[in-house]
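Shown below: work_29.tsv, with TSV, C-alpha atoms.
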```tsv
chain	number	residue	atom	x	y	z
R	287	MET	CA	-2.25	13.74	2.46
R	288	TYR	CA	-0.50	10.64	3.68
R	289	THR	CA	-2.00	8.93	6.73
R	290	THR	CA	0.18	7.77	9.63
R	291	SER	CA	-0.42	6.11	13.00
R	292	THR	CA	-1.66	8.26	15.87
R	293	THR	CA	1.72	8.02	17.60
R	294	VAL	CA	3.65	9.23	14.56
R	295	SER	CA	1.05	11.90	13.75
R	296	SER	CA	1.29	13.32	17.26
R	297	ARG	CA	5.10	13.46	17.13
R	298	ILE	CA	5.09	15.11	13.68
R	299	GLU	CA	3.13	18.02	15.13
R	300	SER	CA	5.37	18.44	18.19
R	301	TYR	CA	8.62	20.37	18.58
R	302	CYS	CA	10.26	17.33	20.19
R	303	ARG	CA	11.14	15.34	17.09
R	304	THR	CA	14.21	14.05	15.28
R	305	TRP	CA	14.02	12.86	11.70
R	306	ARG	CA	16.10	10.24	9.91
R	307	MET	CA	16.12	9.09	6.28
R	308	TRP	CA	15.99	5.56	4.92
R	309	LEU	CA	17.28	4.74	1.40
R	310	GLU	CA	16.74	1.20	0.15
R	311	ASN	CA	16.94	-1.00	-2.93
R	312	ASP	CA	17.25	-4.74	-3.52
R	313	GLU	CA	20.91	-4.80	-2.52
R	314	ASN	CA	21.33	-2.60	0.50
R	315	VAL	CA	19.97	-0.06	2.96
R	316	ILE	CA	21.40	3.32	3.96
R	317	MET	CA	19.78	4.83	7.03
R	318	GLY	CA	20.17	7.00	10.09
R	319	ASP	CA	23.11	9.39	10.41
R	320	ASN	CA	24.61	8.21	7.13
R	321	ILE	CA	22.19	10.50	5.26
R	322	MET	CA	23.29	13.88	6.49
R	323	SER	CA	21.06	16.30	4.55
R	324	ALA	CA	18.55	16.42	1.74
R	325	THR	CA	16.39	18.84	-0.24
R	326	SER	CA	13.45	18.17	-2.52
R	327	ASP	CA	11.65	19.85	-5.41
R	328	VAL	CA	8.00	18.94	-6.10
R	329	GLN	CA	5.40	20.87	-8.08
R	330	SER	CA	2.05	20.53	-9.83
R	331	THR	CA	2.68	23.23	-12.41
R	332	SER	CA	5.48	23.91	-14.87
R	333	LEU	CA	4.66	27.62	-14.81
R	334	SER	CA	6.38	29.93	-12.36
R	335	ASP	CA	3.40	32.19	-11.74
R	336	ASP	CA	0.14	30.30	-12.28
R	337	ILE	CA	-1.62	26.98	-11.85
R	338	GLU	CA	-1.80	24.80	-14.93
R	339	LEU	CA	-4.26	22.29	-16.31
R	340	GLY	CA	-2.56	19.16	-17.60
R	341	ALA	CA	0.85	19.86	-16.07
R	342	VAL	CA	2.96	16.71	-15.67
R	343	CYS	CA	6.02	17.32	-13.52
R	344	SER	CA	8.95	15.23	-12.32
R	345	GLN	CA	10.08	15.49	-8.70
R	346	SER	CA	13.59	15.14	-7.34
R	347	TRP	CA	15.67	14.85	-4.16
R	348	ALA	CA	19.29	15.87	-3.61
R	349	LEU	CA	21.04	13.95	-0.81
R	350	GLN	CA	24.37	14.26	0.98
R	351	ILE	CA	25.40	10.73	2.02
R	352	ASN	CA	28.29	9.57	4.18
R	353	ASP	CA	29.21	6.75	1.82
R	354	ALA	CA	32.05	6.74	-0.68
R	355	GLU	CA	31.82	3.07	-1.71
R	356	THR	CA	28.29	2.54	-3.05
R	357	ARG	CA	27.76	3.10	-6.77
R	358	PHE	CA	24.45	4.97	-6.98
R	359	LEU	CA	24.27	6.20	-10.58
R	360	GLY	CA	21.49	4.55	-12.58
R	361	SER	CA	20.18	2.53	-9.64
R	362	GLU	CA	16.62	2.77	-8.35
R	363	TYR	CA	15.86	3.35	-4.68
R	364	ASP	CA	12.91	3.76	-2.34
R	365	LEU	CA	13.29	6.84	-0.14
R	366	SER	CA	11.46	7.34	3.15
R	367	LEU	CA	11.56	9.34	6.37
R	368	TYR	CA	11.09	8.11	9.90
R	369	LEU	CA	10.95	9.70	13.33
R	370	ALA	CA	13.78	8.60	15.61
R	371	ASP	CA	12.89	7.29	19.04
R	372	LEU	CA	16.35	7.79	20.53
R	373	THR	CA	15.37	5.87	23.67
R	374	GLY	CA	14.05	2.92	21.65
R	375	VAL	CA	15.58	-0.52	22.00
R	376	THR	CA	15.56	-3.26	19.36
R	377	THR	CA	13.72	-6.32	20.66
R	378	TYR	CA	12.45	-9.58	19.19
R	379	SER	CA	9.08	-7.84	18.89
R	380	THR	CA	10.73	-5.16	16.77
R	381	LEU	CA	12.32	-7.73	14.47
R	382	GLU	CA	9.02	-9.57	13.95
R	383	ALA	CA	7.80	-6.60	11.89
R	384	TYR	CA	10.48	-7.31	9.25
R	385	THR	CA	10.85	-10.18	6.79
R	386	TYR	CA	14.04	-12.18	6.50
R	387	ALA	CA	14.65	-10.64	3.08
R	388	GLU	CA	14.49	-7.16	4.61
R	389	LEU	CA	16.74	-8.00	7.54
R	390	SER	CA	19.30	-9.73	5.32
R	391	LYS	CA	20.10	-6.37	3.70
R	392	LEU	CA	20.93	-4.75	7.04
R	393	THR	CA	24.25	-4.70	8.87
R	394	VAL	CA	24.44	-5.72	12.53
R	395	GLU	CA	24.68	-2.05	13.46
R	396	GLN	CA	21.58	-1.19	11.42
R	397	ILE	CA	19.60	-4.01	12.99
R	398	SER	CA	20.54	-2.73	16.43
R	399	LYS	CA	19.04	0.66	15.50
R	400	LEU	CA	15.66	-0.61	14.27
R	401	GLY	CA	14.21	0.17	17.69
R	402	GLU	CA	14.81	3.83	16.95
R	403	VAL	CA	12.15	3.81	14.21
R	404	LEU	CA	9.21	5.34	16.05
R	405	ASP	CA	6.24	2.94	16.02
R	406	GLY	CA	8.16	0.94	13.40
R	407	GLU	CA	6.75	3.30	10.76
R	408	ARG	CA	8.52	4.83	7.80
R	409	ILE	CA	6.83	7.53	5.68
R	410	PRO	CA	7.43	6.81	1.97
R	411	LEU	CA	8.62	9.75	-0.09
R	412	GLY	CA	8.86	8.04	-3.46
R	413	ARG	CA	10.75	5.70	-5.76
R	414	PHE	CA	13.65	7.36	-7.53
R	415	THR	CA	16.50	6.73	-9.96
R	416	CYS	CA	19.93	8.21	-9.29
R	417	VAL	CA	20.65	10.58	-12.21
R	418	LYS	CA	23.71	12.36	-10.78
R	419	SER	CA	26.44	11.27	-8.37
R	420	LYS	CA	29.55	13.15	-7.19
R	421	LYS	CA	32.02	11.81	-4.62
R	422	SER	CA	34.18	14.00	-2.41
R	423	GLY	CA	36.25	12.59	0.41
R	424	GLY	CA	34.08	10.16	2.32
R	425	ASN	CA	30.81	11.68	1.12
R	426	THR	CA	28.65	11.39	-1.98
R	427	GLU	CA	26.26	13.99	-3.36
R	428	VAL	CA	23.46	12.31	-5.28
R	429	THR	CA	20.43	13.54	-7.18
R	430	PHE	CA	17.42	11.24	-7.39
R	431	ALA	CA	14.53	11.80	-9.81
R	432	ASP	CA	11.35	9.87	-10.50
R	433	ARG	CA	10.82	8.15	-13.84
R	434	LEU	CA	9.13	11.21	-15.36
R	435	TYR	CA	12.65	12.63	-15.56
R	436	PHE	CA	13.01	10.60	-18.77
R	437	PHE	CA	9.76	11.58	-20.48
R	438	ASP	CA	11.01	14.38	-22.74
R	439	LYS	CA	11.54	11.86	-25.52
R	440	THR	CA	9.47	11.56	-28.69
R	441	TYR	CA	6.58	9.21	-28.07
R	442	VAL	CA	6.59	6.17	-30.33
R	443	PRO	CA	3.40	4.20	-29.55
R	444	LYS	CA	3.67	0.46	-28.94
R	445	VAL	CA	-0.12	0.15	-29.08
R	446	LYS	CA	-2.11	-0.02	-32.28
R	447	LEU	CA	-3.92	3.21	-33.15
R	448	PRO	CA	-6.67	4.21	-32.87
R	449	ALA	CA	-6.63	3.41	-29.16
R	450	TRP	CA	-8.38	4.61	-26.02
R	451	SER	CA	-6.52	7.21	-23.97
R	452	LYS	CA	-6.13	4.69	-21.14
R	453	ALA	CA	-4.24	2.32	-23.47
R	454	VAL	CA	-1.94	5.16	-24.55
R	455	GLU	CA	-1.39	6.24	-20.93
R	456	ASP	CA	-0.64	2.61	-19.98
R	457	ASP	CA	1.81	2.36	-22.90
R	458	ILE	CA	3.73	5.49	-21.90
R	459	CYS	CA	3.90	4.37	-18.27
R	460	LYS	CA	5.23	0.98	-19.36
R	461	GLN	CA	7.90	2.61	-21.54
R	462	LEU	CA	8.96	4.79	-18.59
R	463	GLY	CA	9.02	1.89	-16.15
R	464	LEU	CA	6.01	3.17	-14.20
R	465	GLN	CA	2.80	1.60	-12.98
R	466	ASN	CA	-0.32	3.47	-14.10
R	467	GLY	CA	-2.09	4.19	-10.83
R	468	ASN	CA	-5.14	5.88	-12.38
R	469	ASP	CA	-8.42	4.05	-11.88
R	470	TYR	CA	-10.70	4.36	-14.89
R	471	THR	CA	-13.45	2.29	-13.26
R	472	ILE	CA	-14.47	4.68	-10.46
R	473	PRO	CA	-17.57	6.69	-11.48
R	474	ALA	CA	-17.01	10.44	-11.51
R	475	LYS	CA	-20.01	12.27	-10.05
R	476	LEU	CA	-20.60	15.59	-11.75
R	477	ARG	CA	-21.13	18.89	-9.98
R	478	VAL	CA	-22.07	22.38	-11.11
R	479	LYS	CA	-20.01	25.46	-10.31
R	480	GLY	CA	-19.89	26.06	-6.59
R	481	GLY	CA	-19.96	22.34	-5.81
R	482	ALA	CA	-23.70	21.58	-6.00
R	483	ARG	CA	-24.56	18.10	-7.27
R	484	LEU	CA	-25.65	17.79	-10.88
R	485	TYR	CA	-28.90	15.90	-11.57
R	486	GLY	CA	-30.64	14.80	-14.74
R	487	LYS	CA	-34.22	13.79	-15.49
R	488	GLY	CA	-35.98	11.95	-12.69
R	489	HIS	CA	-33.60	13.53	-10.17
R	490	ILE	CA	-30.92	10.98	-11.09
R	491	ARG	CA	-27.39	11.93	-10.06
R	492	LEU	CA	-25.31	12.45	-13.20
R	493	LYS	CA	-22.01	10.65	-13.37
R	494	THR	CA	-19.61	9.20	-15.88
R	495	ALA	CA	-17.63	5.99	-15.60
R	496	ASN	CA	-14.51	7.79	-16.82
R	497	PHE	CA	-13.33	10.38	-19.31
R	498	ASP	CA	-11.66	7.90	-21.64
R	499	PHE	CA	-11.50	9.02	-25.26
R	500	LYS	CA	-10.20	7.72	-28.58
R	501	ILE	CA	-6.77	8.73	-29.89
R	502	SER	CA	-6.53	8.16	-33.63
R	503	SER	CA	-3.06	9.57	-34.30
R	504	ILE	CA	-0.07	11.17	-32.57
R	505	PRO	CA	1.07	14.62	-33.77
R	506	LYS	CA	4.60	14.59	-35.20
R	507	ASP	CA	7.45	14.97	-32.67
R	508	THR	CA	5.04	14.77	-29.71
R	509	THR	CA	6.89	13.79	-26.53
R	510	MET	CA	5.72	11.43	-23.82
R	511	ARG	CA	5.37	14.45	-21.53
R	512	GLN	CA	3.01	16.14	-24.01
R	513	MET	CA	0.87	13.04	-24.46
R	514	LEU	CA	0.48	12.57	-20.72
R	515	SER	CA	-0.36	16.27	-20.49
R	516	TYR	CA	-3.08	15.99	-23.16
R	517	ILE	CA	-4.68	13.07	-21.32
R	518	ALA	CA	-4.42	14.81	-17.93
R	519	SER	CA	-5.91	18.09	-19.18
R	520	ALA	CA	-8.81	16.21	-20.79
R	521	GLN	CA	-9.52	14.81	-17.32
R	522	GLY	CA	-9.28	18.26	-15.73
R	523	GLU	CA	-6.22	17.21	-13.73
R	524	PHE	CA	-2.42	17.33	-13.49
R	525	GLY	CA	-0.07	14.34	-13.31
R	526	PHE	CA	2.82	13.22	-11.09
R	527	VAL	CA	4.45	10.12	-9.60
R	528	ASP	CA	3.13	9.26	-6.13
R	529	ARG	CA	4.92	7.91	-3.06
R	530	TYR	CA	4.77	4.34	-4.38
R	531	GLY	CA	6.21	4.99	-7.83
R	532	ARG	CA	2.84	5.06	-9.61
R	533	TYR	CA	1.82	7.66	-12.17
R	534	VAL	CA	-1.36	9.34	-10.92
R	535	ARG	CA	-3.54	12.35	-11.73
R	536	LYS	CA	-5.48	14.65	-9.42
R	537	TRP	CA	-6.99	18.09	-9.01
R	538	TYR	CA	-7.22	20.27	-5.94
R	539	GLY	CA	-10.00	19.20	-3.57
R	540	SER	CA	-11.15	20.04	-0.05
R	541	SER	CA	-8.75	21.17	2.66
R	542	VAL	CA	-6.90	18.32	4.37
R	543	LYS	CA	-5.53	20.28	7.32
R	544	ILE	CA	-5.71	23.59	9.17
R	545	LEU	CA	-2.19	24.87	9.76
R	546	ASP	CA	-0.95	25.45	13.29
R	547	ASN	CA	0.21	29.07	13.26
R	548	ASN	CA	2.87	28.24	15.84
R	549	THR	CA	4.64	26.04	13.26
R	550	ILE	CA	4.80	28.52	10.36
R	551	ASP	CA	6.22	31.93	9.60
R	552	LEU	CA	3.66	34.59	8.69
R	553	PRO	CA	2.67	33.77	5.10
R	554	THR	CA	2.67	36.14	2.15
R	555	LEU	CA	-0.86	36.18	0.73
R	556	GLY	CA	-2.52	37.66	-2.33
R	557	GLU	CA	-4.86	40.55	-1.56
R	558	ARG	CA	-7.81	38.81	-3.12
R	559	PRO	CA	-8.58	35.26	-4.26
R	560	ASN	CA	-8.00	33.87	-7.71
R	561	ILE	CA	-11.27	32.48	-9.11
R	562	LEU	CA	-11.53	30.27	-12.20
R	563	ALA	CA	-14.16	32.02	-14.30
R	564	GLY	CA	-13.45	30.61	-17.76
R	565	ILE	CA	-11.51	28.10	-19.77
R	566	VAL	CA	-10.02	28.23	-23.27
R	567	CYS	CA	-8.64	25.23	-25.13
R	568	LYS	CA	-6.81	25.50	-28.43
R	569	VAL	CA	-7.57	22.31	-30.36
R	570	SER	CA	-5.91	23.39	-33.61
R	571	ASP	CA	-5.01	26.55	-35.52
R	572	SER	CA	-8.59	26.68	-36.77
R	573	GLU	CA	-10.49	25.52	-33.66
R	574	THR	CA	-10.62	26.95	-30.15
R	575	LEU	CA	-13.17	25.90	-27.51
R	576	ARG	CA	-14.38	28.21	-24.74
R	577	LEU	CA	-16.56	27.87	-21.65
R	578	GLY	CA	-17.46	30.26	-18.86
R	579	ASN	CA	-16.52	33.93	-18.86
R	580	THR	CA	-13.37	34.09	-20.98
R	581	THR	CA	-13.09	37.88	-21.14
R	582	GLY	CA	-11.02	38.00	-17.95
R	583	SER	CA	-13.44	40.48	-16.36
R	584	ALA	CA	-14.94	37.98	-13.89
R	585	GLY	CA	-11.81	36.13	-12.80
R	586	ARG	CA	-9.03	33.85	-13.97
R	587	VAL	CA	-9.13	32.18	-17.39
R	588	LEU	CA	-7.23	28.92	-17.84
R	589	GLU	CA	-5.74	28.52	-21.31
R	590	PHE	CA	-4.17	25.34	-22.65
R	591	GLU	CA	-3.71	23.26	-25.81
R	592	ASN	CA	-5.12	19.80	-26.45
R	593	PRO	CA	-5.63	18.37	-29.97
R	594	TYR	CA	-8.00	15.71	-28.58
R	595	MET	CA	-10.36	18.04	-26.74
R	596	THR	CA	-14.07	17.97	-27.55
R	597	MET	CA	-16.83	20.19	-26.24
R	598	SER	CA	-18.25	17.22	-24.34
R	599	LEU	CA	-14.95	16.61	-22.53
R	600	LEU	CA	-14.54	20.34	-21.89
R	601	ARG	CA	-18.01	20.61	-20.33
R	602	SER	CA	-17.31	17.61	-18.11
R	603	LEU	CA	-14.04	18.95	-16.74
R	604	TRP	CA	-15.45	22.48	-16.41
R	605	HIS	CA	-18.24	21.17	-14.17
R	606	ARG	CA	-15.51	19.90	-11.84
R	607	ILE	CA	-13.04	22.80	-11.79
R	608	GLY	CA	-15.14	25.86	-12.65
R	609	GLY	CA	-15.35	28.35	-9.80
R	610	PHE	CA	-12.29	26.95	-8.03
R	611	SER	CA	-10.76	29.68	-5.90
R	612	TRP	CA	-7.49	30.04	-4.01
R	613	TYR	CA	-5.05	32.60	-2.66
R	614	THR	CA	-1.60	33.12	-4.10
R	615	THR	CA	0.60	32.19	-1.15
R	616	GLU	CA	4.17	31.73	0.00
R	617	LEU	CA	4.88	30.33	3.45
R	618	PHE	CA	7.69	28.72	5.40
R	619	HIS	CA	6.63	25.69	7.43
R	620	ARG	CA	9.17	25.48	10.25
R	621	LEU	CA	7.87	22.06	11.31
R	622	GLY	CA	7.69	20.56	7.83
R	623	ASP	CA	5.05	17.87	7.45
R	624	PRO	CA	6.06	15.01	5.12
R	625	ARG	CA	2.45	13.83	4.98
R	626	PHE	CA	1.63	16.70	2.63
R	627	ASP	CA	1.41	15.86	-1.07
R	628	VAL	CA	1.53	18.24	-4.01
R	629	GLY	CA	-2.09	19.04	-4.90
R	630	ASP	CA	-3.28	18.92	-1.29
R	631	VAL	CA	-5.20	21.95	-0.03
R	632	ILE	CA	-4.31	23.32	3.41
R	633	THR	CA	-5.97	26.15	5.34
R	634	TYR	CA	-4.40	29.14	7.06
R	635	VAL	CA	-6.48	31.06	9.61
R	636	SER	CA	-5.22	34.55	10.42
R	637	GLU	CA	-5.26	36.11	13.88
R	638	SER	CA	-8.36	38.05	12.84
R	639	GLY	CA	-10.15	34.80	12.03
R	640	GLU	CA	-10.01	35.05	8.23
R	641	SER	CA	-9.62	31.69	6.50
R	642	TYR	CA	-7.47	31.11	3.40
R	643	ASP	CA	-7.44	27.88	1.37
R	644	ILE	CA	-4.00	27.19	-0.07
R	645	PRO	CA	-3.55	24.55	-2.81
R	646	ILE	CA	-0.01	23.19	-2.65
R	647	THR	CA	1.39	23.78	-6.13
R	648	ASN	CA	5.03	23.71	-4.98
R	649	ILE	CA	6.60	22.14	-1.91
R	650	GLY	CA	10.29	21.86	-1.16
R	651	PHE	CA	11.54	20.00	1.92
R	652	ASN	CA	14.83	20.68	3.68
R	653	PHE	CA	16.15	17.85	5.87
R	654	ASP	CA	19.15	17.97	8.21
R	655	GLY	CA	17.89	15.97	11.18
R	656	GLY	CA	15.09	18.47	11.42
R	657	LEU	CA	12.55	19.01	8.64
R	658	SER	CA	11.19	22.25	7.22
R	659	ALA	CA	9.29	23.08	4.05
R	660	ASP	CA	8.76	25.95	1.66
R	661	ILE	CA	5.17	25.84	0.42
R	662	SER	CA	3.59	27.97	-2.28
R	663	ALA	CA	0.37	28.33	-4.20
R	664	VAL	CA	1.23	30.13	-7.42
R	665	GLY	CA	-1.17	32.56	-9.03
R	666	LEU	CA	-1.28	35.95	-10.69
R	667	SER	CA	-0.76	39.04	-8.55
R	668	VAL	CA	-3.55	41.56	-8.04
R	669	GLU	CA	-1.90	43.87	-10.58
R	670	GLU	CA	-1.71	41.09	-13.17
R	671	GLN	CA	-5.40	40.31	-12.68
R	672	LEU	CA	-6.54	43.89	-13.27
```
Representation of the structure as structure tokens:
Amino acid sequence: MYTTSTTVSSRIESYCRTWRMWLENDENVIMGDNIMSATSDVQSTSLSDDIELGAVCSQSWALQINDAETRFLGSEYDLSLYLADLTGVTTYSTLEAYTYAELSKLTVEQISKLGEVLDGERIPLGRFTCVKSKKSGGNTEVTFADRLYFFDKTYVPKVKLPAWSKAVEDDICKQLGLQNGNDYTIPAKLRVKGGARLYGKGHIRLKTANFDFKISSIPKDTTMRQMLSYIASAQGEFGFVDRYGRYVRKWYGSSVKILDNNTIDLPTLGERPNILAGIVCKVSDSETLRLGNTTGSAGRVLEFENPYMTMSLLRSLWHRIGGFSWYTTELFHRLGDPRFDVGDVITYVSESGESYDIPITNIGFNFDGGLSADISAVGLSVEEQL
């Protein structure tokens, strides 16, 4: 979940708010009323009905812009949202927050409206490339996608094999024009199912510096998407491009926020929680690895393919994700919160006091001066689990 100033955070959670969009690259800025509407599509799973280990998904935004002159196609832009302080006035103090290079891209009219940016803060949504552009009258409909949009190409390694998975991940990111934002130096502390800490002899907390592994060869016709997926699933995570244009991986953690029931429509919830009880990885036609209860009688079983998986890697990731539980959910967030990221976990508390943890597997924003969001946590229905 993105962190904002107290002033912006308070306004986000109020009914008295007006949103504006800001679209910027090295040449120009489009802001304010010139961006009339927008919708987004972000997910952490490529499946329509279940969470997925190793999913790597591109996100996109479709914008309606009052601009018939700018040539968008193929250009890269930073997209952000800001709250409009319609009583704000641009002062010298306001201008001090901007560099000359930033101000030089603005028109006189845009500079005069900088005081409308509440607390001078813009919430980054991501770095995108325009992949579609259609002009009609004085307006342009554009579709922006992150660099993962281009990753369904056969992967041709530029690094010498065998190589560590980090080197391969770095290579793919470089070929896609992305920064690899994954930190392989942070120790990962292991836990048993249920979240209890895992200790070894002498009561020493068990941890691993990373889950880097050797890649000796690339299967024929393997795409960049598939390679990133293999590396992500070996880490027990999924992959996406963050707000700053970096490729990152994560898994669902602790809840970041309890939803205000006054800002959402009554959600549709599964009757009972999904619980990860087992994991099955197909390494090859002759080798399949299993951990946990894989009969399906005790809960959900995650199944995936990874030609680089070993039992050691599988045990490590299972210690981190085994026992994870969530409710299949669909909800409409009337006061959409742009601080939410895919993979965040939010909590809904019913009128009866029951608490439901909801991992955000899909989130779609709808902007038109206001901001709403459709949020879902995919998972099998009760009937499908029987």
List the spatial neighbours of Ser541 (chain R) as a PDB file with C-alpha atoms, in the coordinates of the input - criterion: any atom at most 8 Å away, only C-alpha atoms, same-chain residues fewer than 3 positions off excluded.
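Written out: part-v2.pdb:
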```pdb
ATOM      1  CA  ILE R 544      -5.710  23.590   9.170  1.00  0.00           C
ATOM      2  CA  ASP R 630      -3.280  18.920  -1.290  1.00  0.00           C
ATOM      3  CA  VAL R 631      -5.200  21.950  -0.030  1.00  0.00           C
ATOM      4  CA  ILE R 632      -4.310  23.320   3.410  1.00  0.00           C
ATOM      5  CA  THR R 633      -5.970  26.150   5.340  1.00  0.00           C
ATOM      6  CA  ASP R 643      -7.440  27.880   1.370  1.00  0.00           C
TER       7      ASP R 643
END
```
- Message: Please compute the CA of Arg413 (chain R)-CA of Gln465 (chain R) distance, one decimal, in Å.
- Response: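 CA of Gln465 (chain R) lies at a distance of 11.5 Å from CA of Arg413 (chain R).
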- From R:Tyr435, R:Val294, R:Thr373, R:Cys302, residue lying nearest Gly406 (chain R) [all atoms listed in the file]: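 Among the listed residues, R:Val294 lies closest to Gly406 (chain R).
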- Message: (13.9, 8.5, 14.9) in this file's frame - what residues fall within 7 Å of it? Use all atoms listed in the file and give the answer as a ChimeraX atom specification.
- Response: /R:304-306,368-372,402-404
Output of the above residues as a PDB file, in the coordinates of the input, restricted to C-alpha atoms:
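Result file again.pdb:
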```
ATOM      1  CA  THR R 304      14.210  14.050  15.280  1.00  0.00           C
ATOM      2  CA  TRP R 305      14.020  12.860  11.700  1.00  0.00           C
ATOM      3  CA  ARG R 306      16.100  10.240   9.910  1.00  0.00           C
ATOM      4  CA  TYR R 368      11.090   8.110   9.900  1.00  0.00           C
ATOM      5  CA  LEU R 369      10.950   9.700  13.330  1.00  0.00           C
ATOM      6  CA  ALA R 370      13.780   8.600  15.610  1.00  0.00           C
ATOM      7  CA  ASP R 371      12.890   7.290  19.040  1.00  0.00           C
ATOM      8  CA  LEU R 372      16.350   7.790  20.530  1.00  0.00           C
ATOM      9  CA  GLU R 402      14.810   3.830  16.950  1.00  0.00           C
ATOM     10  CA  VAL R 403      12.150   3.810  14.210  1.00  0.00           C
ATOM     11  CA  LEU R 404       9.210   5.340  16.050  1.00  0.00           C
TER      12      LEU R 404
END
```
- Task: Quick one: pull the distance between CA of Ile409 (chain R) and CA of Ser366 (chain R), Å, one decimal.
- Result: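 Computed distance, CA of Ile409 (chain R) to CA of Ser366 (chain R), equals 5.3 Å.
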- Of the candidates R:Arg297, R:Lys399, R:His605, R:Lys391, which one gets nearest to Thr376 (chain R) if we count only C-alpha atoms?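 Once distances to Thr376 (chain R) are computed over only C-alpha atoms, the minimum belongs to R:Lys399.
If you count all atoms listed in the file and ignore residues fewer than 3 places along the chain from Val664 (chain R), what sits within 6 Å of it is Asp335, Asp336 and Thr614 of chain R.
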Can you spit out the residues from that selection as a short mmCIF file (atom, residue, chain, number, x, y, z; two decimals), keeping the file's coordinate frame, using C-alpha atoms?
```
data_model
loop_
_atom_site.label_atom_id
_atom_site.label_comp_id
_atom_site.auth_asym_id
_atom_site.auth_seq_id
_atom_site.Cartn_x
_atom_site.Cartn_y
_atom_site.Cartn_z
CA ASP R 335 3.40 32.19 -11.74
CA ASP R 336 0.14 30.30 -12.28
CA THR R 614 -1.60 33.12 -4.10
#
```
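Closest approach to Ser611 (chain R) among R:Gly582, R:Pro624, R:Pro593, R:Pro559: R:Pro559, based on only C-alpha atoms.
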- Task: Identify which of the residues R:Ile321, R:Val442, R:Phe526, R:Asp457 lies closest to Lys506 (chain R), counting all atoms listed in the file when measuring atom-to-atom distances.
- Result: R:Val442
- Query: Out of R:Gln461, R:Thr290, R:Ser602, R:Thr429, which residue has the shortest atom-to-atom distance to Gly522 (chain R) when counting all atoms listed in the file?
  - Reply: R:Ser602
- Tell me which protein, DNA and RNA residues are within 8 Å of Thr647 (chain R), counting only C-alpha atoms, leaving out same-chain ones fewer than 6 positions away, and put them as number ranges by chain. R: 329-331, 337, 628-629, 661-664
- Query: Restricting the calculation to only C-alpha atoms, which member of R:Ile561, R:Ile501, R:Ala341, R:Ile298 is positioned closest to Gly622 (chain R)?
  - Reply: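 Using only C-alpha atoms, Gly622 (chain R) sits closest to R:Ile298.
Here CA of Val527 (chain R) and CA of Asn560 (chain R) stand 26.9 Å from one another.
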Using the file's own x, y and z axes, what box holds all listed atoms of region 586-597 of chain R with 4 Å on each side, keeping edges along x, y and z, and what are its centre and edge lengths in Å to one decimal, as JSON?
```
{"center_x": -10.3, "center_y": 24.8, "center_z": -22.0, "size_x": 21.1, "size_y": 26.1, "size_z": 24.0}
```
Any chance you could model N, CA, C and O atoms for region 496-504 of chain R and send them as an mmCIF file, in the frame of the given file?
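File produced: result-v8.cif:
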```
data_model
loop_
_atom_site.group_PDB
_atom_site.id
_atom_site.type_symbol
_atom_site.label_atom_id
_atom_site.label_comp_id
_atom_site.auth_asym_id
_atom_site.auth_seq_id
_atom_site.Cartn_x
_atom_site.Cartn_y
_atom_site.Cartn_z
ATOM 1 N N ASN R 496 -15.845 7.227 -16.686
ATOM 2 C CA ASN R 496 -14.510 7.790 -16.820
ATOM 3 C C ASN R 496 -14.557 8.807 -17.954
ATOM 4 O O ASN R 496 -15.596 9.037 -18.561
ATOM 5 N N PHE R 497 -13.413 9.405 -18.218
ATOM 6 C CA PHE R 497 -13.330 10.380 -19.310
ATOM 7 C C PHE R 497 -12.378 9.838 -20.374
ATOM 8 O O PHE R 497 -11.566 10.574 -20.931
ATOM 9 N N ASP R 498 -12.469 8.537 -20.615
ATOM 10 C CA ASP R 498 -11.660 7.900 -21.640
ATOM 11 C C ASP R 498 -12.103 8.397 -23.014
ATOM 12 O O ASP R 498 -13.288 8.644 -23.238
ATOM 13 N N PHE R 499 -11.162 8.542 -23.924
ATOM 14 C CA PHE R 499 -11.500 9.020 -25.260
ATOM 15 C C PHE R 499 -10.558 8.369 -26.266
ATOM 16 O O PHE R 499 -9.479 7.878 -25.920
ATOM 17 N N LYS R 500 -10.971 8.361 -27.531
ATOM 18 C CA LYS R 500 -10.200 7.720 -28.580
ATOM 19 C C LYS R 500 -9.076 8.638 -29.091
ATOM 20 O O LYS R 500 -9.283 9.834 -29.303
ATOM 21 N N ILE R 501 -7.909 8.038 -29.291
ATOM 22 C CA ILE R 501 -6.770 8.730 -29.890
ATOM 23 C C ILE R 501 -6.473 8.035 -31.211
ATOM 24 O O ILE R 501 -6.078 6.866 -31.238
ATOM 25 N N SER R 502 -6.680 8.759 -32.299
ATOM 26 C CA SER R 502 -6.530 8.160 -33.630
ATOM 27 C C SER R 502 -5.108 8.280 -34.162
ATOM 28 O O SER R 502 -4.639 7.426 -34.921
ATOM 29 N N SER R 503 -4.414 9.360 -33.793
ATOM 30 C CA SER R 503 -3.060 9.570 -34.300
ATOM 31 C C SER R 503 -2.278 10.407 -33.297
ATOM 32 O O SER R 503 -2.859 11.054 -32.421
ATOM 33 N N ILE R 504 -0.960 10.401 -33.446
ATOM 34 C CA ILE R 504 -0.070 11.170 -32.570
ATOM 35 C C ILE R 504 0.575 12.267 -33.403
ATOM 36 O O ILE R 504 1.216 11.981 -34.427
#
```
